[in-house]
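Structure file work.pdb (PDB, C-alpha atoms) is printed below.
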```pdb
ATOM      1  CA  MET K 215     -25.064 231.766 220.321
ATOM      2  CA  ARG K 216     -22.555 229.137 221.429
ATOM      3  CA  LEU K 217     -24.116 225.928 222.761
ATOM      4  CA  LEU K 218     -22.050 223.216 224.475
ATOM      5  CA  ALA K 219     -23.737 219.788 224.228
ATOM      6  CA  LEU K 220     -22.706 216.709 226.233
ATOM      7  CA  ASP K 221     -23.661 213.033 226.056
ATOM      8  CA  GLY K 222     -22.640 210.066 228.188
ATOM      9  CA  SER K 223     -25.830 208.016 228.103
ATOM     10  CA  LEU K 224     -24.562 204.834 226.406
ATOM     11  CA  ALA K 225     -21.202 203.387 225.299
ATOM     12  CA  ARG K 226     -19.662 206.682 224.215
ATOM     13  CA  ALA K 227     -18.665 210.048 225.667
ATOM     14  CA  SER K 228     -19.124 212.972 223.300
ATOM     15  CA  ALA K 229     -19.151 216.747 223.389
ATOM     16  CA  ALA K 230     -20.047 219.217 220.665
ATOM     17  CA  LEU K 231     -20.008 222.949 220.145
ATOM     18  CA  MET K 232     -22.934 224.447 218.233
ATOM     19  CA  VAL K 233     -22.786 228.028 216.951
ATOM     20  CA  ASP K 234     -26.116 229.569 215.907
ATOM     21  CA  GLY K 235     -27.588 226.089 215.532
ATOM     22  CA  ALA K 236     -24.811 224.599 213.386
ATOM     23  CA  PRO K 237     -22.149 222.159 214.648
ATOM     24  CA  ARG K 238     -18.675 223.723 214.757
ATOM     25  CA  ALA K 239     -16.666 221.072 216.627
ATOM     26  CA  ARG K 240     -17.198 217.565 217.989
ATOM     27  CA  LEU K 241     -15.049 215.343 220.203
ATOM     28  CA  ALA K 242     -15.771 211.774 221.279
ATOM     29  CA  GLU K 243     -14.299 208.749 223.018
ATOM     30  CA  GLU K 244     -15.774 205.278 222.607
ATOM     31  CA  GLY K 245     -16.358 202.923 225.522
ATOM     32  CA  ALA K 246     -18.979 201.913 228.055
ATOM     33  CA  ARG K 247     -17.192 203.353 231.106
ATOM     34  CA  VAL K 248     -15.150 206.251 229.781
ATOM     35  CA  GLN K 249     -17.552 209.057 230.733
ATOM     36  CA  PRO K 250     -16.144 210.048 234.171
ATOM     37  CA  THR K 251     -12.621 210.562 232.798
ATOM     38  CA  ALA K 252     -13.335 211.573 229.211
ATOM     39  CA  LEU K 253     -16.242 214.020 229.404
ATOM     40  CA  PRO K 254     -14.568 216.717 231.548
ATOM     41  CA  VAL K 255     -11.553 216.733 229.213
ATOM     42  CA  LEU K 256     -13.683 216.941 226.067
ATOM     43  CA  ALA K 257     -15.835 219.721 227.502
ATOM     44  CA  ARG K 258     -12.815 221.731 228.634
ATOM     45  CA  ARG K 259     -11.185 221.521 225.206
ATOM     46  CA  LEU K 260     -14.283 222.838 223.465
ATOM     47  CA  LEU K 261     -14.878 225.587 226.025
ATOM     48  CA  ASP K 262     -11.275 226.734 225.752
ATOM     49  CA  GLU K 263     -11.467 226.813 221.952
ATOM     50  CA  ALA K 264     -14.802 228.665 221.941
ATOM     51  CA  GLY K 265     -14.011 231.050 224.784
ATOM     52  CA  GLY K 266     -17.053 229.893 226.774
ATOM     53  CA  ALA K 267     -20.686 229.033 226.031
ATOM     54  CA  ASP K 268     -24.037 230.809 226.098
ATOM     55  CA  ALA K 269     -26.007 227.645 226.910
ATOM     56  CA  VAL K 270     -25.388 224.007 227.833
ATOM     57  CA  ALA K 271     -27.297 220.897 226.750
ATOM     58  CA  VAL K 272     -27.071 217.330 228.024
ATOM     59  CA  VAL K 273     -28.627 213.973 227.145
ATOM     60  CA  VAL K 274     -30.724 212.986 230.188
ATOM     61  CA  GLY K 275     -31.573 209.367 229.336
ATOM     62  CA  PRO K 276     -32.667 206.655 229.193
ATOM     63  CA  GLY K 277     -29.238 205.089 229.501
ATOM     64  CA  GLY K 278     -26.548 203.888 231.875
ATOM     65  CA  PHE K 279     -26.672 205.214 235.426
ATOM     66  CA  THR K 280     -23.017 206.256 235.750
ATOM     67  CA  GLY K 281     -22.751 207.829 232.308
ATOM     68  CA  LEU K 282     -25.939 209.837 232.749
ATOM     69  CA  ARG K 283     -25.012 211.078 236.212
ATOM     70  CA  THR K 284     -21.547 212.064 235.036
ATOM     71  CA  ALA K 285     -22.805 214.023 232.028
ATOM     72  CA  ILE K 286     -25.659 215.712 233.892
ATOM     73  CA  ALA K 287     -23.523 216.695 236.879
ATOM     74  CA  LEU K 288     -20.859 218.127 234.575
ATOM     75  CA  ALA K 289     -23.440 220.033 232.525
ATOM     76  CA  GLU K 290     -25.041 221.421 235.686
ATOM     77  CA  GLY K 291     -21.664 222.570 236.994
ATOM     78  CA  ILE K 292     -20.694 224.278 233.736
ATOM     79  CA  ALA K 293     -24.078 225.989 233.394
ATOM     80  CA  LEU K 294     -23.884 227.224 236.989
ATOM     81  CA  ALA K 295     -20.314 228.474 236.614
ATOM     82  CA  LEU K 296     -21.143 230.350 233.412
ATOM     83  CA  SER K 297     -24.634 231.456 234.546
ATOM     84  CA  VAL K 298     -26.201 230.145 231.333
ATOM     85  CA  PRO K 299     -29.339 228.068 230.567
ATOM     86  CA  LEU K 300     -29.239 224.268 230.826
ATOM     87  CA  VAL K 301     -31.365 222.177 228.446
ATOM     88  CA  GLY K 302     -32.182 218.457 228.565
ATOM     89  CA  VAL K 303     -32.487 216.152 225.525
ATOM     90  CA  THR K 304     -33.663 212.543 225.672
ATOM     91  CA  THR K 305     -31.624 209.690 224.247
ATOM     92  CA  GLY K 306     -34.301 208.903 221.675
ATOM     93  CA  GLU K 307     -34.491 212.531 220.550
ATOM     94  CA  ALA K 308     -30.727 212.617 220.005
ATOM     95  CA  LEU K 309     -30.750 209.300 218.134
ATOM     96  CA  ALA K 310     -33.584 210.478 215.877
ATOM     97  CA  ALA K 311     -31.920 213.827 215.174
ATOM     98  CA  ALA K 312     -28.916 212.010 213.690
ATOM     99  CA  LEU K 313     -31.029 210.492 210.888
ATOM    100  CA  PRO K 314     -31.356 212.006 207.389
ATOM    101  CA  GLU K 315     -34.262 214.450 207.203
ATOM    102  CA  ASP K 316     -36.033 212.550 204.413
ATOM    103  CA  LEU K 317     -36.070 209.385 206.524
ATOM    104  CA  ARG K 318     -37.305 211.194 209.637
ATOM    105  CA  ALA K 319     -40.003 212.971 207.642
ATOM    106  CA  THR K 320     -41.645 209.756 206.412
ATOM    107  CA  ARG K 321     -41.182 207.331 209.316
ATOM    108  CA  GLU K 322     -41.895 207.230 213.022
ATOM    109  CA  VAL K 323     -38.604 206.781 214.867
ATOM    110  CA  TRP K 324     -38.535 204.014 217.470
ATOM    111  CA  ALA K 325     -35.545 204.247 219.806
ATOM    112  CA  ALA K 326     -34.777 200.985 221.631
ATOM    113  CA  ILE K 327     -32.249 201.037 224.484
ATOM    114  CA  ASP K 328     -30.986 197.747 225.928
ATOM    115  CA  THR K 329     -31.504 197.532 229.724
ATOM    116  CA  ARG K 330     -29.208 194.450 230.008
ATOM    117  CA  ARG K 331     -32.061 192.684 231.832
ATOM    118  CA  GLY K 332     -33.735 190.954 228.894
ATOM    119  CA  ARG K 333     -35.833 194.076 228.252
ATOM    120  CA  PHE K 334     -35.448 197.381 226.492
ATOM    121  CA  VAL K 335     -36.722 200.912 226.812
ATOM    122  CA  LEU K 336     -38.801 202.163 223.889
ATOM    123  CA  GLU K 337     -39.069 205.856 223.008
ATOM    124  CA  ARG K 338     -41.061 207.042 219.988
ATOM    125  CA  ILE K 339     -40.731 210.195 217.872
ATOM    126  CA  ALA K 340     -43.435 211.075 215.345
ATOM    127  CA  PRO K 341     -42.528 211.558 211.660
ATOM    128  CA  GLY K 342     -40.831 214.909 211.192
ATOM    129  CA  ALA K 343     -40.860 215.700 214.918
ATOM    130  CA  TRP K 344     -37.882 216.702 217.070
ATOM    131  CA  ALA K 345     -39.429 215.950 220.478
ATOM    132  CA  ALA K 346     -40.546 212.565 221.832
ATOM    133  CA  MET K 347     -44.264 211.762 221.618
ATOM    134  CA  LEU K 348     -44.565 210.211 225.078
ATOM    135  CA  PRO K 349     -42.244 209.271 227.962
ATOM    136  CA  PRO K 350     -40.123 206.156 227.255
ATOM    137  CA  VAL K 351     -41.462 202.813 228.451
ATOM    138  CA  ALA K 352     -39.583 199.686 229.562
ATOM    139  CA  MET K 353     -40.932 196.424 228.147
ATOM    140  CA  ALA K 354     -40.106 192.897 227.085
ATOM    141  CA  GLU K 355     -39.310 192.407 223.417
ATOM    142  CA  ALA K 356     -42.410 190.266 222.975
ATOM    143  CA  ALA K 357     -44.605 193.086 224.327
ATOM    144  CA  LEU K 358     -43.804 195.511 221.483
ATOM    145  CA  PRO K 359     -46.912 197.317 220.228
ATOM    146  CA  ALA K 360     -47.854 197.244 216.564
ATOM    147  CA  PRO K 361     -46.691 200.359 214.703
ATOM    148  CA  ALA K 362     -49.300 202.456 212.930
ATOM    149  CA  GLY K 363     -47.046 203.025 209.931
ATOM    150  CA  PRO K 364     -43.460 202.854 208.658
ATOM    151  CA  VAL K 365     -40.764 202.800 211.356
ATOM    152  CA  ALA K 366     -37.062 203.689 211.535
ATOM    153  CA  ALA K 367     -35.258 201.740 214.272
ATOM    154  CA  VAL K 368     -32.485 203.438 216.267
ATOM    155  CA  GLY K 369     -30.605 202.704 219.502
ATOM    156  CA  ASP K 370     -28.301 199.970 220.762
ATOM    157  CA  ALA K 371     -31.209 197.467 220.769
ATOM    158  CA  ALA K 372     -32.357 198.494 217.269
ATOM    159  CA  PRO K 373     -31.388 195.157 215.621
ATOM    160  CA  ALA K 374     -33.621 193.176 218.012
ATOM    161  CA  LEU K 375     -36.417 195.716 217.617
ATOM    162  CA  ALA K 376     -36.229 195.640 213.819
ATOM    163  CA  ALA K 377     -36.111 191.831 213.702
ATOM    164  CA  ARG K 378     -39.219 191.551 215.865
ATOM    165  CA  LEU K 379     -41.166 194.084 213.789
ATOM    166  CA  LEU K 380     -40.069 192.549 210.489
ATOM    167  CA  ALA K 381     -41.211 189.121 211.699
ATOM    168  CA  ARG K 382     -44.660 190.635 212.206
ATOM    169  CA  GLY K 383     -44.718 192.060 208.700
ATOM    170  CA  SER K 384     -44.161 195.703 209.694
ATOM    171  CA  ASP K 385     -42.431 198.234 207.434
ATOM    172  CA  VAL K 386     -39.210 198.944 209.345
ATOM    173  CA  VAL K 387     -35.764 200.264 208.411
ATOM    174  CA  LEU K 388     -32.783 199.367 210.593
ATOM    175  CA  THR K 389     -30.628 202.509 210.717
ATOM    176  CA  ALA K 390     -26.999 203.067 211.688
ATOM    177  CA  SER K 391     -27.965 205.449 214.533
ATOM    178  CA  ARG K 392     -27.090 203.184 217.478
ATOM    179  CA  LEU K 393     -25.398 205.539 219.994
ATOM    180  CA  PRO K 394     -26.470 209.138 220.632
ATOM    181  CA  ASP K 395     -24.096 211.912 219.670
ATOM    182  CA  ALA K 396     -23.658 215.294 221.318
ATOM    183  CA  ALA K 397     -23.924 217.160 218.006
ATOM    184  CA  ALA K 398     -27.328 215.611 217.278
ATOM    185  CA  ALA K 399     -28.397 216.370 220.852
ATOM    186  CA  GLY K 400     -27.276 219.945 220.283
ATOM    187  CA  ALA K 401     -29.565 220.221 217.251
ATOM    188  CA  VAL K 402     -32.536 219.248 219.436
ATOM    189  CA  ALA K 403     -31.459 221.551 222.270
ATOM    190  CA  TRP K 404     -31.134 224.466 219.859
ATOM    191  CA  ARG K 405     -34.780 224.071 218.940
ATOM    192  CA  ARG K 406     -35.701 224.013 222.626
ATOM    193  CA  LEU K 407     -33.773 227.215 223.252
ATOM    194  CA  THR K 408     -35.507 228.962 220.350
ATOM    195  CA  GLY K 409     -38.963 227.782 221.456
ATOM    196  CA  ALA K 410     -39.552 225.574 218.421
ATOM    197  CA  ILE K 411     -40.247 222.506 220.609
ATOM    198  CA  PRO K 412     -41.343 222.157 224.265
ATOM    199  CA  PRO K 413     -38.730 222.762 226.973
ATOM    200  CA  ARG K 414     -37.130 219.989 229.047
ATOM    201  CA  ASP K 415     -34.972 220.299 232.133
ATOM    202  CA  ALA K 416     -31.879 218.232 232.889
ATOM    203  CA  ALA K 417     -33.446 215.842 235.407
ATOM    204  CA  PRO K 418     -32.192 212.278 234.716
ATOM    205  CA  LEU K 419     -34.619 209.992 232.892
ATOM    206  CA  TYR K 420     -33.864 206.471 234.118
ATOM    207  CA  VAL K 421     -37.222 204.667 233.477
ATOM    208  CA  GLU K 422     -35.954 201.662 235.479
ATOM    209  CA  PRO K 423     -33.917 201.756 238.730
ATOM    210  CA  PRO K 424     -30.193 201.013 238.400
ATOM    211  CA  ALA K 425     -29.193 197.375 238.777
ATOM    212  CA  VAL K 426     -27.472 196.835 242.118
ATOM    213  CA  ARG K 427     -26.313 193.748 243.978
ATOM    214  CA  LEU K 428     -26.968 193.676 247.704
ATOM    215  CA  PRO K 429     -24.130 192.454 249.923
ATOM    216  CA  ALA K 430     -24.429 188.854 251.077
TER
END
```
Just give me the structure as structure tokens.
Amino acid sequence: MRLLALDGSLARASAALMVDGAPRARLAEEGARVQPTALPVLARRLLDEAGGADAVAVVVGPGGFTGLRTAIALAEGIALALSVPLVGVTTGEALAAALPEDLRATREVWAAIDTRRGRFVLERIAPGAWAAMLPPVAMAEAALPAPAGPVAAVGDAAPALAARLLARGSDVVLTASRLPDAAAAGAVAWRRLTGAIPPRDAAPLYVEPPAVRLPA
């Protein structure tokens, strides 16, 4: 089975082709606002090389409003055009899937996404799990709960999260998984398609409304 995975949730646009659960090709472009121009090109290149896809996956959030809408709309259009299933993956699930298996097996993964409003969105994945434990929650840094055990910090706000937990004496590892990647998202989506973890649709997961400025 050929699975096309897309991500535009944070400061990167990426696309990956998975074949029978293994990554075969990955393309990416860095930048906070590149998704509308980059993602269609990346997806087209992979589809042309693969001769199509049997399923499509997309990271649904939390993340930036424009990047999420771009990736989800593109994924919906491709899935509709090809008449194939569409699977959603959360940002935290994709970030966790990029970690080494031995680290994921022994630590709860805490994904912290910066909202740019002095807060972050926290998503938690149990040790060894591929799906999020609960829906993500927006909170102030000072309102972080106490972890029940060892933690691996991921996401673009992971340094702040790790510093806060370390100051409290928690066992936390700051990882290099800061931006989600389509190949890691594809690994999660593959498990959804095979029934190994619960399904998720491609509805956007914003947690907080987009920041807008009303006209004067």
Original post:
For Arg258 of chain K, which residue out of K:Ile339, K:Val323, K:Ala229, K:Leu294 is the nearest one, using all atoms listed in the file?
Top reply: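 Going through K:Ile339, K:Val323, K:Ala229, K:Leu294 one by one, the smallest distance to Arg258 of chain K is for K:Ala229.
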Original post:
How many Å separate atom CA of Pro418 of chain K from atom CA of Phe279 of chain K?
Top reply: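 These two atoms are separated by 9.0 Å.
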Subject >> Residues matched by the PyMOL selection byres ((chain K and resi 392) around 12), written as a PyMOL selection string >> reply: chain K and resi 223-226+305-306+308-313+324-328+366-375+388-391+393-395
Original post:
Which of these, K:Ala319, K:Ala356, K:Val301, K:Ala417, has the shortest distance to Ala403 of chain K once you count all atoms listed in the file?
Top reply: K:Val301
Subject >> Neighbour list for Ile292 of chain K as a PyMOL selection string, cut-off 10 Å, all atoms listed in the file, skip fewer than 3 positions in-chain >> reply: chain K and resi 218+254+257-258+261+266-267+269-270+286-289+295-300
Subject >> Within 9 Å of Asp385 of chain K using only C-alpha atoms, minus same-chain residues under 5 positions, as a list in words >> reply: Pro361, Gly363, Pro364, Val365, Ala366, Leu379 and Leu380 of chain K
